[in-house]
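Worksheet: the structure to be examined is printed underneath.
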Amino acid sequence: MAETLKRRIGLGLLTAYGVGVMVGAGIYVLVGAVAGSAGVWAPLSFLIAGLIAAPSALSYAELSTRIPKAAGEAAYVEQAFGLRWLALVIGFGIVVAGTISAAAVLRGGAGYLGGLVPLGQPVLIAVLGVFLIGVALIGVLESLAIAALFTVVELTGLILVIWAGLSAEPSLPWQAPVPVSITGLGIGAVLAFFAFIGFEDIVNMAEEVRNPTKTLPRAIILSLIVTSVIYALVSMAAVRAVAPFDLSHSTQPLVDVWRARTGGSAAFLSAIAVAAALNGVLAQIVMASRVLFGMGRDTAGLTLFAHTSARFGTPVTGTIVVGTAVIGAALALPVSALASVTSTVLLGVFVIINLALLRLKRVTPEAPFRVPTFVPLIGAVVAAGALVLSFVWGTL
């Protein structure tokens, strides 16, 4: 059994991977939930979520060049604080977040597919999940090539949604918006933060990337910029064309946007939404299995995850375990609950990761890619604030 991963990924595929996992994880599934909380101010919630994510993304960009390893977050924490137990907690936190995120997207994708195929949601979740486990096992280049194809398809669909929403007859709430609710805006931002999940996944591909110290930070920054622009336009188009209340109660919110403009069939858009979901789930399974691989290589009790396939060069055990857990969570929990748990876990991780970079900067100032010291400081404060507010709003 081979014990190393193969370096086969360049900037283009890695950026497409980041964009694909973020877009697949968020906008097709969550725009309705965010609109339900923030109303026509949903685009502002997405903007706030992007601002919450940006400092942490820049911190990840520097850390990825300092320690370009699979199980990146665990490695960052261990090198910064010398606490193996904390590194394991962070590593497992990333695995859990990725698994739950993938489950939310898988459940949402099955909802769209249910409009095209006369099968129950549990059956569709199981079939799609098993298919994606198989793809992830074949190889990272093949997985990311398929993911890149899915990304092109889903972006095409979103461009059509933007056109439909911005050219449709404006909804009544858009024409006469109610005053912004700080609580609703905040809850919407916490939910929307889920849609930016993905940039942190990029660092866990480090051992399969060519020239990682240059490629990793560029891919992180590019994917975040592209995704932010897309989210702003899509959420604006959605709440302009369809009343937020209706969006929040729809299992296919972007399909409703298309129908508001054309009145015609949106079967093709449902198919694109399924492709987006497949992309998001595949990316998270690939990422989480690499985290388990990296942790297994450095932890005696986790060595079963430290082996790769001699034929495909992929971490087989981790892929199967993560994929199975994704299917189980998707069958058990609703999208909103899955998204909320994922956001909470990742906000906690981001606090620790930003503190780790602050510590490493003091010990070793030099790095292949550097951000100002105030960036991880702001990242830690913002992530901690959003984490506290998510608990406060969760009790309202």
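Identifiers in this document derive from the order of the structure tokens: chains are assigned A, B, ..., residues are numbered from 1 separately in each chain, and ligands are numbered from 1 in order of occurrence.
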
Output as a tab-separated table one row per residue of stretch 274-340 of chain A within 6 Å of stretch 88-110 of chain A: the closest atom pair and its distance in Å to one decimal place, counting only C-alpha atoms, sorted by chain and residue number ascending.
residue	atom	partner	partner_atom	distance
A:Val274	CA	A:Gly109	CA	4.8
A:Ala277	CA	A:Gly109	CA	5.0
A:Val281	CA	A:Ala102	CA	4.5
A:Gln284	CA	A:Gly98	CA	5.4
A:Ala288	CA	A:Val95	CA	4.9
A:Val326	CA	A:Ala103	CA	4.8
A:Ala329	CA	A:Ala103	CA	5.7
A:Ala330	CA	A:Ala103	CA	4.4
A:Val335	CA	A:Ala104	CA	4.8
A:Leu338	CA	A:Ala104	CA	5.5

Please produce a file of those selected residues containing C-alpha atoms, as an mmCIF file, in the first residue's frame.
data_model
loop_
_atom_site.group_PDB
_atom_site.id
_atom_site.type_symbol
_atom_site.label_atom_id
_atom_site.label_comp_id
_atom_site.auth_asym_id
_atom_site.auth_seq_id
_atom_site.Cartn_x
_atom_site.Cartn_y
_atom_site.Cartn_z
ATOM 1 C CA VAL A 274 -28.306 18.326 -8.781
ATOM 2 C CA ALA A 277 -24.988 19.313 -5.128
ATOM 3 C CA VAL A 281 -20.666 16.575 -1.744
ATOM 4 C CA GLN A 284 -16.237 17.529 0.944
ATOM 5 C CA ALA A 288 -12.440 15.072 4.846
ATOM 6 C CA VAL A 326 -22.602 11.721 4.866
ATOM 7 C CA ALA A 329 -26.599 12.360 8.279
ATOM 8 C CA ALA A 330 -28.452 13.339 5.105
ATOM 9 C CA VAL A 335 -30.895 21.083 5.738
ATOM 10 C CA LEU A 338 -27.163 20.597 9.202
#

Return as an MDAnalysis selection string the full set of residues in stretch 103-322 of chain A whose backbone-based DSSP assignment is alpha helix (DSSP H). chainID A and resid 103:114 121:138 140:167 172:175 182:193 199:202 212:241 244:248 253:262 267:298 316:322

What are the closest atom pairs, with distances in Å to one decimal, for each residue of stretch 252-357 of chain A lying within 12 Å of stretch 208-215 of chain A, using only C-alpha atoms, rows by chain and rising residue number, as CSV?
residue,atom,partner,partner_atom,distance
A:Val286,CA,A:Glu208,CA,11.5
A:Met287,CA,A:Glu208,CA,11.3
A:Arg290,CA,A:Glu208,CA,9.9
A:Gly313,CA,A:Glu208,CA,10.0
A:Thr314,CA,A:Glu208,CA,10.3

Please produce a file of those selected residues containing C-alpha atoms, as a PDB file, in the first residue's frame.
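Now in part-v7.pdb:
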ATOM      1  CA  VAL A 286     -12.399  14.226  -0.866  1.00  0.00           C
ATOM      2  CA  MET A 287     -11.346  16.867   1.680  1.00  0.00           C
ATOM      3  CA  ARG A 290      -7.483  13.703   3.322  1.00  0.00           C
ATOM      4  CA  GLY A 313      -3.405   6.734  -4.713  1.00  0.00           C
ATOM      5  CA  THR A 314      -6.509   7.662  -2.704  1.00  0.00           C
TER       6      THR A 314
END

Set the distance at 6 Å and use only C-alpha atoms: which residues neighbour stretch 347-359 of chain A once local chain neighbours fewer than 6 positions away are removed? I'd like the list as a PDB file with N, CA, C and O atoms, in the first residue's frame.
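Writing the result to result_21.pdb gives the following:
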ATOM      1  N   VAL A  77      -2.288  23.862  14.191  1.00  0.00           N
ATOM      2  CA  VAL A  77      -2.510  23.999  15.633  1.00  0.00           C
ATOM      3  C   VAL A  77      -1.401  23.315  16.421  1.00  0.00           C
ATOM      4  O   VAL A  77      -0.897  23.865  17.412  1.00  0.00           O
ATOM      5  N   ALA A  80       1.772  25.367  16.208  1.00  0.00           N
ATOM      6  CA  ALA A  80       1.667  26.662  16.896  1.00  0.00           C
ATOM      7  C   ALA A  80       1.667  26.508  18.410  1.00  0.00           C
ATOM      8  O   ALA A  80       2.339  27.268  19.124  1.00  0.00           O
ATOM      9  N   PRO A 376      -5.126  37.996  10.936  1.00  0.00           N
ATOM     10  CA  PRO A 376      -5.596  36.919  11.823  1.00  0.00           C
ATOM     11  C   PRO A 376      -6.222  37.433  13.110  1.00  0.00           C
ATOM     12  O   PRO A 376      -7.106  36.767  13.676  1.00  0.00           O
ATOM     13  N   ALA A 380      -9.906  36.236  14.117  1.00  0.00           N
ATOM     14  CA  ALA A 380     -10.256  35.585  15.378  1.00  0.00           C
ATOM     15  C   ALA A 380     -11.408  36.301  16.063  1.00  0.00           C
ATOM     16  O   ALA A 380     -12.361  35.671  16.556  1.00  0.00           O
ATOM     17  N   ALA A 383     -14.745  35.882  13.951  1.00  0.00           N
ATOM     18  CA  ALA A 383     -15.265  34.521  14.048  1.00  0.00           C
ATOM     19  C   ALA A 383     -15.824  34.248  15.441  1.00  0.00           C
ATOM     20  O   ALA A 383     -16.891  33.628  15.591  1.00  0.00           O
ATOM     21  N   ALA A 384     -15.122  34.729  16.487  1.00  0.00           N
ATOM     22  CA  ALA A 384     -15.608  34.547  17.856  1.00  0.00           C
ATOM     23  C   ALA A 384     -16.917  35.296  18.073  1.00  0.00           C
ATOM     24  O   ALA A 384     -17.859  34.770  18.692  1.00  0.00           O
ATOM     25  N   LEU A 387     -19.674  33.486  16.365  1.00  0.00           N
ATOM     26  CA  LEU A 387     -19.981  32.262  17.097  1.00  0.00           C
ATOM     27  C   LEU A 387     -20.875  32.554  18.296  1.00  0.00           C
ATOM     28  O   LEU A 387     -21.879  31.869  18.525  1.00  0.00           O
TER      29      LEU A 387
END

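If only C-alpha atoms are the atoms counted, then among A:Gly10, A:Pro68, A:Gly188, A:Gly115 the closest residue to A:Ala145 is A:Gly10.
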